[in-house]
Amino acid sequence: MTTGQVIAATARLWLKRGSPWMARAKRELTAFSPQMVELGLRELFADITANVEELERCETPCPTLHASRSTVCHILSGNLPNPGVVSIIVGLLSGARNVVKPATGDPMPALFMKSLAVVDSKLAKRVMLTADREQYRRVGVVVAYGNDETLAKLRRNVGGASVPRRNRRTKRSRGAEAPPTFFDFGHRVSIGVVDFLHSKIQNPKSKITTAAARDASMWDQQGCMSPQCFFVRGDAAAFAEALAEEMEAFDCRRPRAELSFEDAAAIARARNEWSFRGRVWASKGSTHWTVVLDERGGWVPSPLNRFVFVRPISLLAKLRHSKIQNPKSKISTVGFAGFSPKEAVAMAQADRYCSLGEMQRPLLLLTNGSRLRVGDLMI
Amino acid sequence: MKTARKTTYPPAPKSPSAGELDARILDFIARGVERRSTDAEFNQLALALFRHQFALNQPYCRYCESLGRNPRNVAHWAQIPAVPTTAFKDAELTTLPAKQRTAVFHSSGTTEHRPSRHFHSRKTLALYEAALWRTFEARVTGGKWRTTENCQLVILTPTPAEAPHSSLVHMMETVRRRLSAPTSVFVGAAALEDGRALASAVQSKIKTQKSKTLLLGTAFAFVHLLDAIAAAPRRGRGLQLPRGSRVMETGGYKGRTREVPREELHALISTKLGVPRSALVSEYGMCELSSQFYAASQAAMFHGPPWTRVRLINPETGREAREGKRGLIRVFDLANRASVIAIQTDDIGICRGDGFELLCRAPQAEARGCSLMVPS
């Protein structure tokens with residue numbers, strides 16, 4: 001079997017009815033509700049099984065050549081389970097040896113590797129899980145996910161130059177003493193742009209708000225592809241109200257995780273703050289979801305955990321002049337509905353553009369600035 | 001077939017006049033801080049105040065209506081809608097017409113773009129001063145300091161002229177006037193920027209006076225002062241305040257200096273200024289309130305006067321937190337006649353008996369995971 005086929009077979013283990021792997025993940029990934037874990041992981045593994053050919057196409061023509069030359073160290077963040085799994089998959093497809101440092105308390109990399117070992121123990125041996133972050137000192141490539149401060153510190157320690165997002169296909173010649181190549185995936189945000197003025201047959205308003213609620217609720221907004229704000233052409237208040245209904249409906253099916261006191265307090269504080277500054281729709285008796293209509297302000301970060309802003313599209317101009325776009329865009333994904341892709345591209349600079357409803361479901365090995373690519377590791 | 005039953009409420013009593021309320025609140029305050037108020041008497045005045053504010057404070061009225069609350073369906077003070085402190089930045093939360101507003105208190109803070117604004121008239125300022133003095137006298141001086149005594153105040157804040165909109169400075173000035181201590185001094189804004197100047201200013205007052213001293217200041221001013229004392233070798237033993245002196249520390253740091261845990265700060269004040277812990281108190285107040293809460297240094301439990309009530313709110317459910325559990329501090333202050341009686345703060349505390357332990361400020365939305373904190 002090719003590496004791609006092994007990975008696909010592993011994914012099928014997770015998708016099987018009554019899968020013990022899925023059951024364990026639902027039990028052990030306590031940062032999310034079991035329903036949320038199941039939905040998110042099902043989507044990931046379904047995408048893998050549906051794209052075996054793509055996985056095989058990504059495999060290097062001569063894996064051993066690269067394996068002998070490079071070991072990749074993955075330093076994972078624990079906010080979401082999917083990016084870590086994808087990072088390991090990319091590492092395996094590149095033919096490299098992989099050293100994986102999961103986030104403290106994140107069981108997902110170990111679970112995935114155990115399931116991979118059931119299918120192909122030899123391939124699984126190409127991945128070593130470690131708690132030792134210092135492993136990066138002995139490798140050719142470091143791939144790190146996390147907050148900007150952690151990444152900056154790591155970058156200094158690694159001593160290697162960070163590869164600019166746009167030049168990540170650039171191959172560098174490396175001597176034996178050269179510092180490792182460093183790929184970092186830090187803070188990013190995502191937004192949605194919605195034309196709610198004209199109800200279109202292919203984009204009825206109800207479908208738009210369902211898609212928007214899905215994007216804002218998946219993985220409790222913990223990922224960089226989670227929209228924190230929707231910019232709306234047309235009746236933003238009507239959109240916000242309809243979005244609130246859909247957020248409630250999504251929460252009934254896939255409840256948000258229980259929050260720490262601090263996270264709940266941050267939401268309570270933000271709700272209080274916006275109750276006089278804008279209009280607030282919120283879950284009753286809990287902090288499960290919040291929609292804030294802000295018709296005046298600029299960009300303000302969301303406290304996350306299904307807390308989303310709705311702003312009129314006219315405020316997008318403020319975003320263009322903000323630090324979020326200048327000097328370098330920090331926008332991961334722009335989800336659009338009612339607008340054409342060309343219009344969406346003209347509205348905000350981002351690494352990825354997709355239809356609303358697909359923001360949290362990027363193509364598995366899609367080339368974009370928010371994910372590692374196999375080509376990145378071809379050094 | 002079932003028919004929907006419409007909820008009907010009895011008509012609310014007429015909104016009392018400002019003058020009538022002022023008299024009742026002053027009467028409440030005049031009874032002092034040691035006698036606890038019953039729930040019934042607090043409730044009666046609180047509901048009258050709510051009716052008054054609902055009728056005259058337009059932004060508050062709209063807020064209450066958005067929550068479905070009005071004087072007809074609020075039967076207990078705990079049900080009065082609480083306004084977040086941040087709302088004082090966005091709206092003019094006052095019952096006072098513009099021409100009656102003689103003073104406005106602003107919130108402090110180095111990072112805030114827009115301060116909170118709490119408006120006062122001549123009459124509500126009198127309420128404010130009566131409330132603050134009654135509590136200060138009981139909790140800080142223990143009612144033992146008399147205006148005729150040989151005492152002095154050293155106040156580690158800007159002067160009233162330098163900070164005309166600071167409620168804290170106004171409070172200090174009120175205390176200074178009430179104590180009539182002739183040699184009292186505000187160290188002023190310039191000294192607060194420079195620890196050595198601050199230490200010199202305090203030292204000059206202490207050296208020239210044999211009278212006992214009441215040293216009042218913010219936590220960050222004390223840190224500046226203590227750092228300067230530690231840095232000066234000649235002041236190794238610190239500035240020893242005269243026997244019988246007392247110290248009141250208030251407020252946070254607001255990014256102006258390194259933060260020192262309260263316990264450590266009090267231990268340092270005690271050692272370096274020669275004041276026993278029993279003579280050291282903490283104050284908790286804010287410009288959106290008209291009353292203050294005090295905690296003895298060793299107990300660390302804040303208590304308010306009888307014209308206030310505190311509830312700790314579970315941020316997840318919005319309901320009252322259980323005894324011993326953390327919650328967001330919500331204050332009901334009868335002295336807040338011209339604004340809003342119920343204030344929801346961003347501060348976290350733990351409810352213990354009839355007091356609360358103050359922990360910290362609730363976190364703001366910030367960079368986490370893949371998210372990003374970017375100013376607009």
# chains A, B, ... in the order shown; residues from 1 in each chain; ligands from 1

call {"tool": "interface_residues", "arguments": {"of": "chain A", "to": "chain B", "cutoff": "9 Å", "atoms": "only C-alpha atoms", "output": "PyMOL selection string"}}
result
chain A and resi 77-80+145-148+185-190+222-226+228+259+261-270+272-277+284-288+297-304+318-319+321-324+330

call {"tool": "select_by_dssp", "arguments": {"residues": "range 78-113 of chain A", "states": "helix (DSSP H, G or I)", "output": "JSON, numbers by chain"}}
result
{"A": [82, 83, 84, 85, 86, 87, 88, 89, 90, 91, 92, 93, 108, 109, 110, 111, 112, 113]}

call {"tool": "residues_around", "arguments": {"residues": "range 151-164 of chain B", "least_positions_apart": "3", "cutoff": "6 Å", "atoms": "only C-alpha atoms", "output": "NGL selection string"}}
result
:B and (169 or 181 or 183-189 or 211-217)

call {"tool": "write_last_selection", "arguments": {"atoms": "N, CA and C atoms", "output": "mmCIF file, in the first residue's frame"}}
result
data_model
loop_
_atom_site.group_PDB
_atom_site.id
_atom_site.type_symbol
_atom_site.label_atom_id
_atom_site.label_comp_id
_atom_site.auth_asym_id
_atom_site.auth_seq_id
_atom_site.Cartn_x
_atom_site.Cartn_y
_atom_site.Cartn_z
ATOM 1 N N VAL B 169 -9.679 61.333 43.907
ATOM 2 C CA VAL B 169 -9.088 62.580 44.406
ATOM 3 C C VAL B 169 -10.162 63.407 45.122
ATOM 4 N N ALA B 181 -7.357 68.765 58.802
ATOM 5 C CA ALA B 181 -5.949 68.676 59.188
ATOM 6 C C ALA B 181 -5.169 69.737 58.420
ATOM 7 N N THR B 183 -2.043 70.611 58.001
ATOM 8 C CA THR B 183 -0.778 70.390 57.289
ATOM 9 C C THR B 183 -0.880 69.248 56.277
ATOM 10 N N SER B 184 -2.052 68.915 55.889
ATOM 11 C CA SER B 184 -2.226 67.809 54.941
ATOM 12 C C SER B 184 -1.716 68.192 53.560
ATOM 13 N N VAL B 185 -1.347 67.160 52.823
ATOM 14 C CA VAL B 185 -0.758 67.453 51.520
ATOM 15 C C VAL B 185 -1.090 66.357 50.496
ATOM 16 N N PHE B 186 -1.336 66.823 49.283
ATOM 17 C CA PHE B 186 -1.388 65.913 48.128
ATOM 18 C C PHE B 186 0.023 65.934 47.528
ATOM 19 N N VAL B 187 0.583 64.778 47.241
ATOM 20 C CA VAL B 187 1.957 64.806 46.692
ATOM 21 C C VAL B 187 1.965 65.349 45.264
ATOM 22 N N GLY B 188 0.898 65.191 44.528
ATOM 23 C CA GLY B 188 0.805 65.758 43.182
ATOM 24 C C GLY B 188 1.283 64.825 42.093
ATOM 25 N N ALA B 189 0.889 65.153 40.874
ATOM 26 C CA ALA B 189 1.132 64.265 39.728
ATOM 27 C C ALA B 189 2.617 64.085 39.439
ATOM 28 N N SER B 211 3.124 64.624 64.543
ATOM 29 C CA SER B 211 1.748 64.149 64.619
ATOM 30 C C SER B 211 1.574 62.862 63.825
ATOM 31 N N LYS B 212 0.590 62.092 64.228
ATOM 32 C CA LYS B 212 0.335 60.836 63.526
ATOM 33 C C LYS B 212 -0.174 61.138 62.112
ATOM 34 N N THR B 213 0.135 60.203 61.240
ATOM 35 C CA THR B 213 -0.107 60.441 59.813
ATOM 36 C C THR B 213 -1.111 59.438 59.263
ATOM 37 N N LEU B 214 -1.964 59.958 58.401
ATOM 38 C CA LEU B 214 -2.867 59.094 57.643
ATOM 39 C C LEU B 214 -2.347 59.111 56.204
ATOM 40 N N LEU B 215 -1.780 57.997 55.783
ATOM 41 C CA LEU B 215 -1.185 57.918 54.447
ATOM 42 C C LEU B 215 -2.169 57.199 53.528
ATOM 43 N N LEU B 216 -2.625 57.924 52.513
ATOM 44 C CA LEU B 216 -3.643 57.384 51.606
ATOM 45 C C LEU B 216 -3.086 57.342 50.190
ATOM 46 N N GLY B 217 -3.288 56.258 49.494
ATOM 47 C CA GLY B 217 -2.778 56.232 48.120
ATOM 48 C C GLY B 217 -3.186 55.002 47.355
#

call {"tool": "residues_around", "arguments": {"residues": "Met171 in chain B", "least_positions_apart": "3", "cutoff": "9 Å", "atoms": "only C-alpha atoms", "output": "ChimeraX atom specification"}}
result
/B:128-129,132-133,166-168,174-176

call {"tool": "residues_around", "arguments": {"residues": "Gln349 in chain A", "least_positions_apart": "6", "cutoff": "8 Å", "atoms": "only C-alpha atoms", "output": "ChimeraX atom specification"}}
result
/A:325,329,331

call {"tool": "write_last_selection", "arguments": {"atoms": "N, CA and C atoms", "output": "mmCIF file, in the first residue's frame"}}
result
data_model
loop_
_atom_site.group_PDB
_atom_site.id
_atom_site.type_symbol
_atom_site.label_atom_id
_atom_site.label_comp_id
_atom_site.auth_asym_id
_atom_site.auth_seq_id
_atom_site.Cartn_x
_atom_site.Cartn_y
_atom_site.Cartn_z
ATOM 1 N N GLN A 325 -4.865 44.097 8.343
ATOM 2 C CA GLN A 325 -4.527 43.976 6.917
ATOM 3 C C GLN A 325 -3.166 44.587 6.591
ATOM 4 N N SER A 329 -1.332 40.887 5.639
ATOM 5 C CA SER A 329 -2.654 40.400 6.020
ATOM 6 C C SER A 329 -2.568 39.294 7.061
ATOM 7 N N ILE A 331 -5.396 37.748 7.781
ATOM 8 C CA ILE A 331 -6.660 37.048 7.570
ATOM 9 C C ILE A 331 -6.390 35.697 6.932
#

call {"tool": "atom_distance", "arguments": {"atom1": "CA of Leu116 in chain A", "atom2": "CA of Ile7 in chain A"}}
result
7.1 Å

call {"tool": "atom_distance", "arguments": {"atom1": "CA of Ala117 in chain A", "atom2": "CA of Leu13 in chain A"}}
result
11.5 Å

call {"tool": "residues_around", "arguments": {"residues": "range 133-139 of chain A", "least_positions_apart": "2", "cutoff": "7 Å", "atoms": "only C-alpha atoms", "output": "JSON, numbers by chain"}}
result
{"A": [70, 71, 72, 73, 101, 131, 141, 142, 158, 180]}

call {"tool": "residues_around", "arguments": {"residues": "Phe50 in chain B", "least_positions_apart": "4", "cutoff": "10 Å", "atoms": "only C-alpha atoms", "output": "mmCIF file with N, CA and C atoms, in the first residue's frame"}}
result
data_model
loop_
_atom_site.group_PDB
_atom_site.id
_atom_site.type_symbol
_atom_site.label_atom_id
_atom_site.label_comp_id
_atom_site.auth_asym_id
_atom_site.auth_seq_id
_atom_site.Cartn_x
_atom_site.Cartn_y
_atom_site.Cartn_z
ATOM 1 N N SER B 15 -43.333 57.429 40.729
ATOM 2 C CA SER B 15 -41.908 57.657 40.939
ATOM 3 C C SER B 15 -41.702 58.786 41.945
ATOM 4 N N PRO B 16 -40.917 58.543 43.002
ATOM 5 C CA PRO B 16 -40.717 59.599 44.000
ATOM 6 C C PRO B 16 -39.841 60.722 43.453
ATOM 7 N N LEU B 45 -36.389 51.295 49.728
ATOM 8 C CA LEU B 45 -35.705 52.453 49.145
ATOM 9 C C LEU B 45 -35.131 52.119 47.764
ATOM 10 N N ALA B 46 -34.627 50.911 47.621
ATOM 11 C CA ALA B 46 -34.045 50.501 46.336
ATOM 12 C C ALA B 46 -35.102 50.534 45.230
ATOM 13 N N PHE B 54 -35.743 54.741 36.408
ATOM 14 C CA PHE B 54 -36.420 54.221 35.220
ATOM 15 C C PHE B 54 -37.188 55.354 34.515
ATOM 16 N N ALA B 55 -37.745 56.249 35.310
ATOM 17 C CA ALA B 55 -38.549 57.337 34.741
ATOM 18 C C ALA B 55 -37.681 58.431 34.120
ATOM 19 N N LEU B 56 -36.515 58.684 34.712
ATOM 20 C CA LEU B 56 -35.739 59.862 34.284
ATOM 21 C C LEU B 56 -34.435 59.556 33.547
ATOM 22 N N ASN B 57 -33.946 58.349 33.663
ATOM 23 C CA ASN B 57 -32.672 58.003 33.028
ATOM 24 C C ASN B 57 -33.000 57.246 31.730
ATOM 25 N N CYS B 61 -33.593 53.297 31.024
ATOM 26 C CA CYS B 61 -34.969 52.862 30.779
ATOM 27 C C CYS B 61 -35.014 51.955 29.545
ATOM 28 N N ASN B 70 -39.304 46.345 34.221
ATOM 29 C CA ASN B 70 -39.816 47.689 34.498
ATOM 30 C C ASN B 70 -40.308 47.708 35.946
ATOM 31 N N PRO B 71 -40.625 48.872 36.482
ATOM 32 C CA PRO B 71 -41.015 48.929 37.897
ATOM 33 C C PRO B 71 -42.216 48.060 38.239
ATOM 34 N N VAL B 74 -40.573 44.344 38.751
ATOM 35 C CA VAL B 74 -39.407 44.194 39.639
ATOM 36 C C VAL B 74 -39.905 44.379 41.071
ATOM 37 N N TRP B 77 -34.992 44.156 45.185
ATOM 38 C CA TRP B 77 -33.801 44.881 44.721
ATOM 39 C C TRP B 77 -32.874 44.002 43.880
ATOM 40 N N ILE B 80 -33.363 44.218 40.109
ATOM 41 C CA ILE B 80 -33.134 45.483 39.377
ATOM 42 C C ILE B 80 -32.023 45.270 38.347
ATOM 43 N N PRO B 81 -32.275 45.591 37.084
ATOM 44 C CA PRO B 81 -31.239 45.352 36.071
ATOM 45 C C PRO B 81 -29.961 46.126 36.375
ATOM 46 N N LEU B 334 -27.362 52.529 47.125
ATOM 47 C CA LEU B 334 -28.457 53.500 47.262
ATOM 48 C C LEU B 334 -27.963 54.944 47.114
ATOM 49 N N ARG B 337 -27.877 57.974 43.476
ATOM 50 C CA ARG B 337 -29.234 58.452 43.228
ATOM 51 C C ARG B 337 -29.452 58.937 41.798
ATOM 52 N N SER B 339 -27.773 58.236 38.994
ATOM 53 C CA SER B 339 -27.331 57.423 37.846
ATOM 54 C C SER B 339 -28.101 56.101 37.845
ATOM 55 N N VAL B 340 -27.459 55.038 38.298
ATOM 56 C CA VAL B 340 -28.097 53.722 38.312
ATOM 57 C C VAL B 340 -27.753 53.041 39.632
ATOM 58 N N ILE B 341 -28.732 52.490 40.265
ATOM 59 C CA ILE B 341 -28.514 51.862 41.580
ATOM 60 C C ILE B 341 -27.695 50.575 41.466
ATOM 61 N N ALA B 342 -27.881 49.830 40.367
ATOM 62 C CA ALA B 342 -27.239 48.511 40.242
ATOM 63 C C ALA B 342 -26.122 48.562 39.204
#

call {"tool": "select_by_dssp", "arguments": {"residues": "range 184-367 of chain A", "states": "strand (DSSP E)", "output": "compact mmCIF listing (two decimals) with N, CA and C atoms, in the first residue's frame"}}
result
# COMPACT_ATOMS: atom_id res chain seq x y z
N ASP A 184 6.19 28.48 10.67
CA ASP A 184 5.34 28.79 11.83
C ASP A 184 3.93 29.15 11.38
N PHE A 185 2.99 28.70 12.16
CA PHE A 185 1.58 28.97 11.89
C PHE A 185 0.98 29.60 13.14
N VAL A 189 -6.95 35.37 11.79
CA VAL A 189 -8.39 35.49 12.02
C VAL A 189 -9.11 35.26 10.69
N SER A 190 -10.40 35.06 10.76
CA SER A 190 -11.19 34.90 9.54
C SER A 190 -12.45 35.73 9.61
N ILE A 191 -12.95 36.09 8.45
CA ILE A 191 -14.18 36.89 8.39
C ILE A 191 -15.12 36.33 7.33
N GLY A 192 -16.36 36.74 7.40
CA GLY A 192 -17.31 36.40 6.36
C GLY A 192 -17.83 37.67 5.71
N VAL A 193 -18.11 37.62 4.41
CA VAL A 193 -18.74 38.76 3.73
C VAL A 193 -20.03 38.24 3.09
N VAL A 194 -21.11 38.93 3.35
CA VAL A 194 -22.43 38.41 2.98
C VAL A 194 -23.24 39.49 2.26
N ASP A 195 -23.79 39.11 1.10
CA ASP A 195 -24.77 40.00 0.45
C ASP A 195 -26.15 39.53 0.88
N PRO A 227 -14.80 32.27 11.63
CA PRO A 227 -15.09 33.70 11.46
C PRO A 227 -15.37 34.37 12.80
N GLN A 228 -14.80 35.55 12.96
CA GLN A 228 -15.09 36.32 14.18
C GLN A 228 -16.07 37.45 13.88
N CYS A 229 -16.23 37.74 12.57
CA CYS A 229 -17.12 38.83 12.19
C CYS A 229 -17.69 38.57 10.80
N PHE A 230 -18.97 38.91 10.63
CA PHE A 230 -19.58 38.88 9.30
C PHE A 230 -19.88 40.31 8.87
N PHE A 231 -19.40 40.68 7.70
CA PHE A 231 -19.71 41.99 7.14
C PHE A 231 -20.87 41.80 6.16
N VAL A 232 -21.92 42.57 6.38
CA VAL A 232 -23.18 42.30 5.68
C VAL A 232 -23.61 43.48 4.81
N ARG A 233 -23.91 43.18 3.55
CA ARG A 233 -24.56 44.18 2.69
C ARG A 233 -26.06 43.96 2.84
N ARG A 279 -26.25 45.85 19.54
CA ARG A 279 -27.38 45.00 19.94
C ARG A 279 -26.86 43.59 20.15
N VAL A 280 -27.36 42.95 21.18
CA VAL A 280 -26.84 41.63 21.54
C VAL A 280 -27.97 40.60 21.50
N TRP A 281 -27.71 39.51 20.80
CA TRP A 281 -28.57 38.32 20.89
C TRP A 281 -27.72 37.26 21.57
N ALA A 282 -28.26 36.60 22.56
CA ALA A 282 -27.43 35.66 23.31
C ALA A 282 -28.25 34.50 23.83
N THR A 290 -23.31 33.96 21.22
CA THR A 290 -23.61 35.39 21.29
C THR A 290 -23.45 35.99 19.90
N VAL A 291 -24.41 36.78 19.49
CA VAL A 291 -24.30 37.54 18.24
C VAL A 291 -24.40 39.02 18.62
N VAL A 292 -23.43 39.81 18.17
CA VAL A 292 -23.43 41.24 18.47
C VAL A 292 -23.52 42.02 17.17
N LEU A 293 -24.50 42.89 17.09
CA LEU A 293 -24.61 43.79 15.94
C LEU A 293 -23.90 45.09 16.31
N PHE A 307 -18.87 33.47 19.84
CA PHE A 307 -19.21 34.89 20.04
C PHE A 307 -18.82 35.59 18.73
N VAL A 308 -19.82 36.05 18.00
CA VAL A 308 -19.53 36.56 16.66
C VAL A 308 -20.15 37.94 16.47
N PHE A 309 -19.43 38.79 15.74
CA PHE A 309 -19.90 40.14 15.44
C PHE A 309 -20.55 40.17 14.06
N VAL A 310 -21.52 41.05 13.91
CA VAL A 310 -22.11 41.35 12.59
C VAL A 310 -21.97 42.84 12.38
N ARG A 311 -21.38 43.22 11.25
CA ARG A 311 -21.19 44.64 10.98
C ARG A 311 -21.66 44.95 9.55
N PRO A 312 -22.13 46.15 9.31
CA PRO A 312 -22.49 46.52 7.94
C PRO A 312 -21.25 46.49 7.05
N ILE A 331 -5.40 37.75 7.78
CA ILE A 331 -6.66 37.05 7.57
C ILE A 331 -6.39 35.70 6.93
N SER A 332 -6.88 34.67 7.58
CA SER A 332 -6.69 33.33 7.07
C SER A 332 -7.70 33.05 5.96
N THR A 333 -8.98 33.24 6.28
CA THR A 333 -10.03 32.84 5.34
C THR A 333 -11.11 33.92 5.24
N VAL A 334 -11.56 34.14 4.02
CA VAL A 334 -12.74 34.97 3.82
C VAL A 334 -13.83 34.05 3.27
N GLY A 335 -14.91 33.91 4.03
CA GLY A 335 -16.05 33.14 3.54
C GLY A 335 -17.05 34.10 2.92
N PHE A 336 -17.58 33.75 1.76
CA PHE A 336 -18.49 34.69 1.11
C PHE A 336 -19.80 34.02 0.71
N ALA A 337 -20.84 34.82 0.70
CA ALA A 337 -22.16 34.34 0.25
C ALA A 337 -22.86 35.51 -0.41
N ARG A 352 -7.12 32.49 1.83
CA ARG A 352 -8.08 31.52 1.31
C ARG A 352 -9.45 32.18 1.20
N TYR A 353 -10.16 31.85 0.14
CA TYR A 353 -11.54 32.33 -0.06
C TYR A 353 -12.41 31.10 -0.30
N CYS A 354 -13.55 31.08 0.32
CA CYS A 354 -14.43 29.92 0.12
C CYS A 354 -15.88 30.34 0.36
N SER A 355 -16.79 29.47 -0.02
CA SER A 355 -18.20 29.75 0.23
C SER A 355 -18.48 29.69 1.72

call {"tool": "closest_residue", "arguments": {"among": "B:Ser270, B:Ser37, B:Gln100, B:Thr250", "to": "Ser282 in chain B", "atoms": "only C-alpha atoms"}}
result
B:Thr250

call {"tool": "atom_distance", "arguments": {"atom1": "CA of Cys58 in chain A", "atom2": "CA of Pro107 in chain A"}}
result
27.0 Å

call {"tool": "closest_residue", "arguments": {"among": "A:Ala212, A:Ala257, A:Leu92, A:Leu41", "to": "Ala244 in chain A", "atoms": "only C-alpha atoms"}}
result
A:Ala212

call {"tool": "closest_residue", "arguments": {"among": "B:Met172, B:Ala219, B:Leu127, B:Leu179", "to": "Asn150 in chain B", "atoms": "only C-alpha atoms"}}
result
B:Leu179
